[in-house]
$ cat protein23.pdb   # PDB, C-alpha atoms
ATOM      1  CA  MET A   1     -42.712  -0.833  -0.417  1.00  0.00           C
ATOM      2  CA  GLY A   2     -41.798  -4.321   0.784  1.00  0.00           C
ATOM      3  CA  GLY A   3     -40.995  -7.353  -1.257  1.00  0.00           C
ATOM      4  CA  PRO A   4     -37.746  -8.785  -2.595  1.00  0.00           C
ATOM      5  CA  ARG A   5     -35.185  -6.472  -4.170  1.00  0.00           C
ATOM      6  CA  GLY A   6     -32.831  -7.241  -6.999  1.00  0.00           C
ATOM      7  CA  PRO A   7     -29.101  -6.529  -7.165  1.00  0.00           C
ATOM      8  CA  TRP A   8     -29.469  -3.517  -9.492  1.00  0.00           C
ATOM      9  CA  HIS A   9     -29.476  -0.656  -6.981  1.00  0.00           C
ATOM     10  CA  GLY A  10     -32.907  -1.339  -5.593  1.00  0.00           C
ATOM     11  CA  ARG A  11     -34.501  -2.636  -8.802  1.00  0.00           C
ATOM     12  CA  PRO A  12     -37.369  -5.005  -7.946  1.00  0.00           C
ATOM     13  CA  ALA A  13     -36.493  -8.639  -8.470  1.00  0.00           C
ATOM     14  CA  GLY A  14     -37.432  -9.753 -11.935  1.00  0.00           C
ATOM     15  CA  ALA A  15     -37.539  -6.244 -13.393  1.00  0.00           C
ATOM     16  CA  PRO A  16     -35.808  -5.922 -16.776  1.00  0.00           C
ATOM     17  CA  VAL A  17     -32.276  -4.561 -16.874  1.00  0.00           C
ATOM     18  CA  SER A  18     -31.808  -1.512 -19.076  1.00  0.00           C
ATOM     19  CA  ARG A  19     -29.131  -1.559 -21.727  1.00  0.00           C
ATOM     20  CA  ALA A  20     -27.308   1.262 -19.961  1.00  0.00           C
ATOM     21  CA  ALA A  21     -27.313  -0.666 -16.687  1.00  0.00           C
ATOM     22  CA  ALA A  22     -26.070  -3.797 -18.420  1.00  0.00           C
ATOM     23  CA  ARG A  23     -23.244  -1.840 -20.090  1.00  0.00           C
ATOM     24  CA  THR A  24     -22.285  -0.292 -16.768  1.00  0.00           C
ATOM     25  CA  ASP A  25     -22.187  -3.704 -15.124  1.00  0.00           C
ATOM     26  CA  ARG A  26     -20.062  -5.180 -17.903  1.00  0.00           C
ATOM     27  CA  ALA A  27     -17.666  -2.236 -17.743  1.00  0.00           C
ATOM     28  CA  ALA A  28     -17.312  -2.616 -13.977  1.00  0.00           C
ATOM     29  CA  GLY A  29     -16.640  -6.323 -14.371  1.00  0.00           C
ATOM     30  CA  THR A  30     -14.028  -5.651 -17.036  1.00  0.00           C
ATOM     31  CA  ARG A  31     -12.278  -3.064 -14.854  1.00  0.00           C
ATOM     32  CA  GLU A  32     -12.177  -5.498 -11.941  1.00  0.00           C
ATOM     33  CA  ALA A  33     -10.747  -8.254 -14.140  1.00  0.00           C
ATOM     34  CA  ILE A  34      -8.080  -5.907 -15.519  1.00  0.00           C
ATOM     35  CA  MET A  35      -7.095  -4.663 -12.060  1.00  0.00           C
ATOM     36  CA  ALA A  36      -6.822  -8.190 -10.666  1.00  0.00           C
ATOM     37  CA  ALA A  37      -4.728  -9.382 -13.604  1.00  0.00           C
ATOM     38  CA  ALA A  38      -2.505  -6.309 -13.593  1.00  0.00           C
ATOM     39  CA  GLU A  39      -1.781  -6.517  -9.886  1.00  0.00           C
ATOM     40  CA  ARG A  40      -0.779 -10.163 -10.125  1.00  0.00           C
ATOM     41  CA  LEU A  41       1.432  -9.643 -13.172  1.00  0.00           C
ATOM     42  CA  PHE A  42       3.049  -6.487 -11.766  1.00  0.00           C
ATOM     43  CA  ALA A  43       3.721  -8.277  -8.467  1.00  0.00           C
ATOM     44  CA  GLU A  44       5.305 -11.281 -10.162  1.00  0.00           C
ATOM     45  CA  GLN A  45       7.195  -9.589 -13.010  1.00  0.00           C
ATOM     46  CA  GLY A  46       7.604  -5.881 -12.218  1.00  0.00           C
ATOM     47  CA  LEU A  47       5.964  -2.785 -13.660  1.00  0.00           C
ATOM     48  CA  SER A  48       8.137  -2.350 -16.733  1.00  0.00           C
ATOM     49  CA  ALA A  49       8.140  -6.020 -17.772  1.00  0.00           C
ATOM     50  CA  VAL A  50       4.372  -6.304 -18.243  1.00  0.00           C
ATOM     51  CA  SER A  51       2.612  -5.077 -21.383  1.00  0.00           C
ATOM     52  CA  ASN A  52      -0.984  -3.945 -21.800  1.00  0.00           C
ATOM     53  CA  ARG A  53      -1.476  -6.922 -24.123  1.00  0.00           C
ATOM     54  CA  GLN A  54      -0.406  -9.340 -21.373  1.00  0.00           C
ATOM     55  CA  ILE A  55      -2.754  -7.679 -18.905  1.00  0.00           C
ATOM     56  CA  ALA A  56      -5.677  -7.796 -21.344  1.00  0.00           C
ATOM     57  CA  GLU A  57      -5.062 -11.467 -22.153  1.00  0.00           C
ATOM     58  CA  ALA A  58      -4.743 -12.406 -18.466  1.00  0.00           C
ATOM     59  CA  ALA A  59      -8.005 -10.555 -17.803  1.00  0.00           C
ATOM     60  CA  GLY A  60      -9.776 -12.528 -20.539  1.00  0.00           C
ATOM     61  CA  GLN A  61     -10.120  -9.518 -22.843  1.00  0.00           C
ATOM     62  CA  GLY A  62      -9.803 -10.123 -26.563  1.00  0.00           C
ATOM     63  CA  ASN A  63      -9.301  -6.430 -27.275  1.00  0.00           C
ATOM     64  CA  VAL A  64      -5.721  -5.428 -26.481  1.00  0.00           C
ATOM     65  CA  THR A  65      -6.797  -1.797 -26.060  1.00  0.00           C
ATOM     66  CA  ALA A  66      -9.039  -2.688 -23.108  1.00  0.00           C
ATOM     67  CA  VAL A  67      -6.485  -1.443 -20.568  1.00  0.00           C
ATOM     68  CA  SER A  68      -6.065   1.969 -22.133  1.00  0.00           C
ATOM     69  CA  TYR A  69      -9.810   2.250 -22.775  1.00  0.00           C
ATOM     70  CA  HIS A  70     -10.743   1.677 -19.150  1.00  0.00           C
ATOM     71  CA  PHE A  71      -7.757   3.278 -17.384  1.00  0.00           C
ATOM     72  CA  GLY A  72      -5.896   5.550 -19.764  1.00  0.00           C
ATOM     73  CA  THR A  73      -2.166   5.322 -19.144  1.00  0.00           C
ATOM     74  CA  ARG A  74      -0.183   2.650 -17.350  1.00  0.00           C
ATOM     75  CA  ASN A  75       0.422   5.129 -14.524  1.00  0.00           C
ATOM     76  CA  ASP A  76      -3.326   5.650 -14.172  1.00  0.00           C
ATOM     77  CA  LEU A  77      -3.845   1.901 -13.766  1.00  0.00           C
ATOM     78  CA  VAL A  78      -1.125   1.645 -11.118  1.00  0.00           C
ATOM     79  CA  ARG A  79      -2.546   4.628  -9.260  1.00  0.00           C
ATOM     80  CA  ALA A  80      -6.041   3.156  -9.366  1.00  0.00           C
ATOM     81  CA  LEU A  81      -4.759  -0.039  -7.759  1.00  0.00           C
ATOM     82  CA  MET A  82      -2.754   1.749  -5.070  1.00  0.00           C
ATOM     83  CA  THR A  83      -5.587   4.163  -4.343  1.00  0.00           C
ATOM     84  CA  ARG A  84      -8.103   1.366  -3.859  1.00  0.00           C
ATOM     85  CA  HIS A  85      -5.850  -0.474  -1.427  1.00  0.00           C
ATOM     86  CA  GLY A  86      -4.887   2.753   0.311  1.00  0.00           C
ATOM     87  CA  GLU A  87      -8.505   3.659   0.925  1.00  0.00           C
ATOM     88  CA  HIS A  88      -9.174   0.288   2.561  1.00  0.00           C
ATOM     89  CA  VAL A  89      -6.114   0.678   4.787  1.00  0.00           C
ATOM     90  CA  GLU A  90      -7.201   4.199   5.709  1.00  0.00           C
ATOM     91  CA  LEU A  91     -10.570   2.907   6.932  1.00  0.00           C
ATOM     92  CA  ILE A  92      -8.798   0.477   9.250  1.00  0.00           C
ATOM     93  CA  ARG A  93      -6.315   3.137  10.357  1.00  0.00           C
ATOM     94  CA  ALA A  94      -9.183   5.420  11.387  1.00  0.00           C
ATOM     95  CA  ARG A  95     -10.076   2.924  14.108  1.00  0.00           C
ATOM     96  CA  HIS A  96      -6.499   2.776  15.386  1.00  0.00           C
ATOM     97  CA  VAL A  97      -6.109   6.556  15.358  1.00  0.00           C
ATOM     98  CA  ALA A  98      -9.360   6.979  17.263  1.00  0.00           C
ATOM     99  CA  ALA A  99      -8.134   4.529  19.906  1.00  0.00           C
ATOM    100  CA  ALA A 100      -4.770   6.331  20.120  1.00  0.00           C
ATOM    101  CA  GLY A 101      -6.417   9.631  21.011  1.00  0.00           C
ATOM    102  CA  ASP A 102      -3.770  12.019  22.348  1.00  0.00           C
ATOM    103  CA  ALA A 103      -1.144   9.340  22.984  1.00  0.00           C
ATOM    104  CA  GLN A 104       2.334  10.634  23.613  1.00  0.00           C
ATOM    105  CA  ASP A 105       4.312   7.429  23.130  1.00  0.00           C
ATOM    106  CA  VAL A 106       6.053   6.247  19.996  1.00  0.00           C
ATOM    107  CA  THR A 107       4.809   2.661  20.338  1.00  0.00           C
ATOM    108  CA  THR A 108       1.150   3.642  19.981  1.00  0.00           C
ATOM    109  CA  TRP A 109       1.718   5.696  16.854  1.00  0.00           C
ATOM    110  CA  VAL A 110       3.951   3.041  15.303  1.00  0.00           C
ATOM    111  CA  GLY A 111       1.038   0.653  15.797  1.00  0.00           C
ATOM    112  CA  CYS A 112      -1.213   3.094  13.932  1.00  0.00           C
ATOM    113  CA  LEU A 113       1.299   3.058  11.099  1.00  0.00           C
ATOM    114  CA  VAL A 114       1.891  -0.697  10.870  1.00  0.00           C
ATOM    115  CA  ARG A 115      -1.167  -2.598  12.040  1.00  0.00           C
ATOM    116  CA  PRO A 116      -3.701  -1.264   9.509  1.00  0.00           C
ATOM    117  CA  VAL A 117      -1.432  -2.525   6.729  1.00  0.00           C
ATOM    118  CA  THR A 118      -1.079  -6.047   8.127  1.00  0.00           C
ATOM    119  CA  GLU A 119      -4.753  -6.258   9.089  1.00  0.00           C
ATOM    120  CA  TYR A 120      -5.749  -5.368   5.542  1.00  0.00           C
ATOM    121  CA  LEU A 121      -3.318  -7.890   4.061  1.00  0.00           C
ATOM    122  CA  ALA A 122      -4.726 -10.556   6.374  1.00  0.00           C
ATOM    123  CA  SER A 123      -8.223  -9.791   5.075  1.00  0.00           C
ATOM    124  CA  LEU A 124      -7.141 -10.550   1.495  1.00  0.00           C
ATOM    125  CA  GLY A 125      -6.520 -14.212   2.187  1.00  0.00           C
ATOM    126  CA  SER A 126      -3.933 -16.241   0.301  1.00  0.00           C
ATOM    127  CA  PRO A 127      -2.661 -16.008  -2.283  1.00  0.00           C
ATOM    128  CA  SER A 128      -2.632 -12.232  -2.490  1.00  0.00           C
ATOM    129  CA  TRP A 129      -0.389  -9.919  -4.477  1.00  0.00           C
ATOM    130  CA  GLN A 130      -0.902  -6.480  -2.964  1.00  0.00           C
ATOM    131  CA  ALA A 131       2.243  -6.345  -0.807  1.00  0.00           C
ATOM    132  CA  ARG A 132       4.489  -7.590  -3.618  1.00  0.00           C
ATOM    133  CA  PHE A 133       2.838  -5.165  -6.021  1.00  0.00           C
ATOM    134  CA  ALA A 134       3.445  -2.326  -3.539  1.00  0.00           C
ATOM    135  CA  VAL A 135       7.168  -3.169  -3.467  1.00  0.00           C
ATOM    136  CA  GLN A 136       7.336  -2.851  -7.250  1.00  0.00           C
ATOM    137  CA  VAL A 137       5.623   0.538  -7.055  1.00  0.00           C
ATOM    138  CA  MET A 138       7.744   1.870  -4.206  1.00  0.00           C
ATOM    139  CA  THR A 139      10.995   0.906  -5.936  1.00  0.00           C
ATOM    140  CA  ASP A 140      10.005   2.833  -9.070  1.00  0.00           C
ATOM    141  CA  PRO A 141      11.051   6.472  -8.466  1.00  0.00           C
ATOM    142  CA  MET A 142       8.310   8.104 -10.529  1.00  0.00           C
ATOM    143  CA  MET A 143       5.479   5.916  -9.285  1.00  0.00           C
ATOM    144  CA  ARG A 144       6.694   6.157  -5.695  1.00  0.00           C
ATOM    145  CA  ALA A 145       6.452   9.943  -5.848  1.00  0.00           C
ATOM    146  CA  LEU A 146       2.950   9.789  -7.338  1.00  0.00           C
ATOM    147  CA  VAL A 147       1.473   7.386  -4.799  1.00  0.00           C
ATOM    148  CA  THR A 148       3.314   8.889  -1.824  1.00  0.00           C
ATOM    149  CA  ASP A 149       2.000  12.367  -2.559  1.00  0.00           C
ATOM    150  CA  GLU A 150      -1.518  10.989  -2.778  1.00  0.00           C
ATOM    151  CA  ALA A 151      -1.175   8.886   0.377  1.00  0.00           C
ATOM    152  CA  LEU A 152      -0.082  11.905   2.406  1.00  0.00           C
ATOM    153  CA  THR A 153      -3.434  13.563   1.723  1.00  0.00           C
ATOM    154  CA  ARG A 154      -5.240  10.869   3.731  1.00  0.00           C
ATOM    155  CA  PRO A 155      -6.194  12.367   7.093  1.00  0.00           C
ATOM    156  CA  CYS A 156      -5.626   9.311   9.300  1.00  0.00           C
ATOM    157  CA  LEU A 157      -2.166   8.666   7.880  1.00  0.00           C
ATOM    158  CA  ARG A 158      -1.420  12.360   8.331  1.00  0.00           C
ATOM    159  CA  GLN A 159      -2.557  12.178  11.965  1.00  0.00           C
ATOM    160  CA  THR A 160      -0.345   9.139  12.518  1.00  0.00           C
ATOM    161  CA  LEU A 161       2.734  10.867  11.108  1.00  0.00           C
ATOM    162  CA  ASP A 162       1.978  13.996  13.112  1.00  0.00           C
ATOM    163  CA  GLY A 163       1.680  11.887  16.273  1.00  0.00           C
ATOM    164  CA  LEU A 164       5.050  10.300  15.589  1.00  0.00           C
ATOM    165  CA  GLY A 165       6.526  13.698  14.853  1.00  0.00           C
ATOM    166  CA  ARG A 166       5.431  15.035  18.240  1.00  0.00           C
ATOM    167  CA  CYS A 167       6.999  12.062  20.000  1.00  0.00           C
ATOM    168  CA  LEU A 168      10.269  12.416  18.085  1.00  0.00           C
ATOM    169  CA  ASP A 169      10.606  16.192  18.081  1.00  0.00           C
ATOM    170  CA  THR A 170      13.953  15.999  19.905  1.00  0.00           C
ATOM    171  CA  LEU A 171      15.530  14.259  16.914  1.00  0.00           C
ATOM    172  CA  PRO A 172      17.111  16.412  14.206  1.00  0.00           C
ATOM    173  CA  ALA A 173      14.825  16.807  11.191  1.00  0.00           C
ATOM    174  CA  GLU A 174      17.353  15.080   8.917  1.00  0.00           C
ATOM    175  CA  VAL A 175      17.471  12.049  11.213  1.00  0.00           C
ATOM    176  CA  ARG A 176      13.668  11.839  11.408  1.00  0.00           C
ATOM    177  CA  ALA A 177      13.438  11.920   7.623  1.00  0.00           C
ATOM    178  CA  GLN A 178      16.086   9.220   7.192  1.00  0.00           C
ATOM    179  CA  ARG A 179      14.477   6.946   9.742  1.00  0.00           C
ATOM    180  CA  GLY A 180      11.057   7.519   8.243  1.00  0.00           C
ATOM    181  CA  THR A 181      12.366   6.280   4.902  1.00  0.00           C
ATOM    182  CA  MET A 182      13.933   3.252   6.588  1.00  0.00           C
ATOM    183  CA  ALA A 183      10.667   2.461   8.358  1.00  0.00           C
ATOM    184  CA  ARG A 184       8.732   2.648   5.089  1.00  0.00           C
ATOM    185  CA  HIS A 185      11.138   0.212   3.427  1.00  0.00           C
ATOM    186  CA  LEU A 186      10.973  -2.116   6.415  1.00  0.00           C
ATOM    187  CA  ILE A 187       7.164  -2.264   6.327  1.00  0.00           C
ATOM    188  CA  THR A 188       6.929  -2.624   2.559  1.00  0.00           C
ATOM    189  CA  HIS A 189       9.590  -5.283   2.076  1.00  0.00           C
ATOM    190  CA  THR A 190       8.770  -7.301   5.189  1.00  0.00           C
ATOM    191  CA  CYS A 191       5.112  -7.518   4.193  1.00  0.00           C
ATOM    192  CA  ALA A 192       6.074  -8.495   0.643  1.00  0.00           C
ATOM    193  CA  GLU A 193       8.343 -11.277   1.882  1.00  0.00           C
ATOM    194  CA  ARG A 194       5.645 -12.481   4.254  1.00  0.00           C
ATOM    195  CA  GLU A 195       3.077 -12.500   1.447  1.00  0.00           C
ATOM    196  CA  ARG A 196       5.448 -14.370  -0.857  1.00  0.00           C
ATOM    197  CA  ALA A 197       6.162 -16.979   1.799  1.00  0.00           C
ATOM    198  CA  ARG A 198       2.436 -17.540   2.352  1.00  0.00           C
ATOM    199  CA  ALA A 199       1.779 -17.836  -1.383  1.00  0.00           C
ATOM    200  CA  ASP A 200       4.654 -20.299  -1.821  1.00  0.00           C
ATOM    201  CA  GLY A 201       3.668 -22.340   1.208  1.00  0.00           C
ATOM    202  CA  ILE A 202       7.003 -21.810   2.960  1.00  0.00           C
ATOM    203  CA  VAL A 203       5.812 -19.990   6.061  1.00  0.00           C
ATOM    204  CA  PRO A 204       8.075 -21.277   8.866  1.00  0.00           C
ATOM    205  CA  SER A 205       5.215 -22.208  11.197  1.00  0.00           C
ATOM    206  CA  PRO A 206       1.414 -22.155  11.197  1.00  0.00           C
ATOM    207  CA  ALA A 207       1.708 -19.988  14.308  1.00  0.00           C
ATOM    208  CA  VAL A 208       3.323 -17.207  12.281  1.00  0.00           C
ATOM    209  CA  SER A 209       0.522 -14.872  11.289  1.00  0.00           C
ATOM    210  CA  TRP A 210       0.050 -11.333  10.039  1.00  0.00           C
ATOM    211  CA  GLN A 211      -0.457 -10.418  13.705  1.00  0.00           C
ATOM    212  CA  ASP A 212       3.003 -11.817  14.466  1.00  0.00           C
ATOM    213  CA  THR A 213       4.411  -9.871  11.540  1.00  0.00           C
ATOM    214  CA  ALA A 214       2.832  -6.691  12.876  1.00  0.00           C
ATOM    215  CA  ASP A 215       4.236  -7.286  16.357  1.00  0.00           C
ATOM    216  CA  ALA A 216       7.741  -7.832  14.989  1.00  0.00           C
ATOM    217  CA  LEU A 217       7.525  -4.756  12.758  1.00  0.00           C
ATOM    218  CA  CYS A 218       6.250  -2.566  15.586  1.00  0.00           C
ATOM    219  CA  ASP A 219       9.111  -3.668  17.845  1.00  0.00           C
ATOM    220  CA  ALA A 220      11.723  -3.118  15.129  1.00  0.00           C
ATOM    221  CA  ILE A 221      10.421   0.262  13.987  1.00  0.00           C
ATOM    222  CA  THR A 222      10.005   1.555  17.537  1.00  0.00           C
ATOM    223  CA  GLY A 223      13.631   0.627  18.159  1.00  0.00           C
ATOM    224  CA  LEU A 224      14.698   2.230  14.897  1.00  0.00           C
ATOM    225  CA  LEU A 225      12.924   5.511  15.570  1.00  0.00           C
ATOM    226  CA  THR A 226      14.080   5.825  19.172  1.00  0.00           C
ATOM    227  CA  ALA A 227      17.683   4.677  18.707  1.00  0.00           C
ATOM    228  CA  PRO A 228      20.416   7.062  19.895  1.00  0.00           C
ATOM    229  CA  VAL A 229      21.934   9.360  17.302  1.00  0.00           C
ATOM    230  CA  THR A 230      25.641   9.013  16.688  1.00  0.00           C
ATOM    231  CA  SER A 231      27.276  12.390  17.198  1.00  0.00           C
ATOM    232  CA  PRO A 232      29.426  13.667  14.329  1.00  0.00           C
ATOM    233  CA  HIS A 233      33.167  13.256  14.720  1.00  0.00           C
ATOM    234  CA  PRO A 234      34.771  16.385  16.251  1.00  0.00           C
ATOM    235  CA  GLY A 235      35.689  18.837  13.547  1.00  0.00           C
ATOM    236  CA  ARG A 236      33.629  17.032  10.949  1.00  0.00           C
ATOM    237  CA  SER A 237      31.019  19.210   9.287  1.00  0.00           C
ATOM    238  CA  PRO A 238      27.487  18.105   8.345  1.00  0.00           C
ATOM    239  CA  HIS A 239      28.435  18.745   4.706  1.00  0.00           C
ATOM    240  CA  SER A 240      31.320  16.271   4.872  1.00  0.00           C
ATOM    241  CA  ARG A 241      29.011  13.603   6.340  1.00  0.00           C
ATOM    242  CA  LYS A 242      26.720  13.867   3.329  1.00  0.00           C
ATOM    243  CA  GLN A 243      29.612  12.944   1.052  1.00  0.00           C
ATOM    244  CA  ASP A 244      30.119   9.531   2.669  1.00  0.00           C
ATOM    245  CA  PRO A 245      29.674   6.653   0.217  1.00  0.00           C
ATOM    246  CA  ALA A 246      26.514   4.606   0.675  1.00  0.00           C
TER     247      ALA A 246
END
$ encode --input "protein23.pdb" --output "structure tokens"
Amino acid sequence: MGGPRGPWHGRPAGAPVSRAAARTDRAAGTREAIMAAAERLFAEQGLSAVSNRQIAEAAGQGNVTAVSYHFGTRNDLVRALMTRHGEHVELIRARHVAAAGDAQDVTTWVGCLVRPVTEYLASLGSPSWQARFAVQVMTDPMMRALVTDEALTRPCLRQTLDGLGRCLDTLPAEVRAQRGTMARHLITHTCAERERARADGIVPSPAVSWQDTADALCDAITGLLTAPVTSPHPGRSPHSRKQDPA
């Protein structure tokens, strides 16, 4: 029962590797290489500007069909990347949600929304591309809808949004929705800019960390969500307000 174990799911050290196991390992390695290359290229150039051939070449794959073979469509590859990151963030968020308990203040739930994201980004080291990749995804209407729908099925994120909803139930539903969209953009773009600054070596000070970024985001988003609502001008209907130019 004792003795050294090998890396192949409990295979004794020195035991031969089956052909099936070797193929599985190679396939997993290829998928990882493709995902790493795709994320970097998407982050730097945008989703539409990067071809499967470029991804395959950057991943060291001589076969240009490697991307479609391992992932299917381009959308499937993007979703695989976002899902993997989202699952890691969800694990961190579970800890924050557990600590929040039945909190009734906006600040606590904003922390549950923001801090898991920055803690995960900090764990990636530098350079990383996840935040910049996420911006590219969230500014693409079709991909944003796909990944947002999937993200909302994650229980800890759902609990966080429900907690915020309870704290903000005096706000009109339209205002809550608008501010929620603003908060999402603020988190996504601020993290992307922070990641870019770290990668380019232009962070203003060594003291500026992902923790500092989280603190600033939490302060800003708490202020955003709890700001007073401007009353409509007397005699002005809600319909007329919707026609205002952006």
$ residues_around --input "protein23.pdb" --residues "A:Thr83" --least-positions-apart "3" --cutoff "12 Å" --atoms "only C-alpha atoms" --output "PyMOL selection string"
chain A and resi 35+75-80+86-90+130+134+146-154
$ resolve_selection --input "protein23.pdb" --expression "the PyMOL selection byres ((chain A and resi 53) around 10)" --output "list in words"
Val50, Ser51, Asn52, Gln54, Ile55, Ala56, Glu57, Ala58, Ala59, Gln61, Gly62, Asn63, Val64, Thr65, Ala66 and Val67 of chain A
$ residues_around --input "protein23.pdb" --residues "stretch 156-162 of chain A" --least-positions-apart "6" --cutoff "12 Å" --atoms "only C-alpha atoms" --output "PyMOL selection string"
chain A and resi 86-117+148-150+168-169+176-177+180+183-184
$ closest_residue --input "protein23.pdb" --among "A:Ala43, A:Ala214, A:Ala20, A:Ala227" --to "A:Met138" --atoms "all atoms listed in the file"
A:Ala43
$ atom_distance --input "protein23.pdb" --atom1 "atom CA of A:Leu186" --atom2 "atom CA of A:Ser231"
24.3 Å
$ closest_residue --input "protein23.pdb" --among "A:Leu164, A:Ala38, A:Ile202, A:Leu224" --to "A:Leu81" --atoms "only C-alpha atoms"
A:Ala38
$ atom_distance --input "protein23.pdb" --atom1 "atom CA of A:His70" --atom2 "atom CA of A:Met82"
16.2 Å
$ atom_distance --input "protein23.pdb" --atom1 "atom CA of A:Phe133" --atom2 "atom CA of A:Leu225"
26.1 Å
$ axis_aligned_box --input "protein23.pdb" --around "stretch 56-62 of chain A" --padding-each-side "5 Å" --output "AutoDock Vina command-line options"
--center_x -7.4 --center_y -10.2 --center_z -22.2 --size_x 15.4 --size_y 14.7 --size_z 18.8
$ closest_residue --input "protein23.pdb" --among "A:Thr181, A:Thr226, A:Ser123, A:Ser128" --to "A:Glu193" --atoms "only C-alpha atoms"
A:Ser128
$ closest_residue --input "protein23.pdb" --among "A:Val137, A:Pro127, A:Ala216, A:Val229" --to "A:Pro172" --atoms "all atoms listed in the file"
A:Val229
$ closest_residue --input "protein23.pdb" --among "A:Glu44, A:Arg19, A:Val175, A:Tyr69" --to "A:Arg31" --atoms "only C-alpha atoms"
A:Tyr69
$ closest_residue --input "protein23.pdb" --among "A:Ala37, A:Met182, A:Ala192, A:Ile187" --to "A:Cys218" --atoms "all atoms listed in the file"
A:Ile187
$ residues_near_point --input "protein23.pdb" --point "(-0.9, -16.6, -1.5)" --cutoff "7 Å" --atoms "all atoms listed in the file" --output "list in words"
Ser126, Pro127, Ser128, Glu195, Arg196, Arg198, Ala199 and Asp200 of chain A
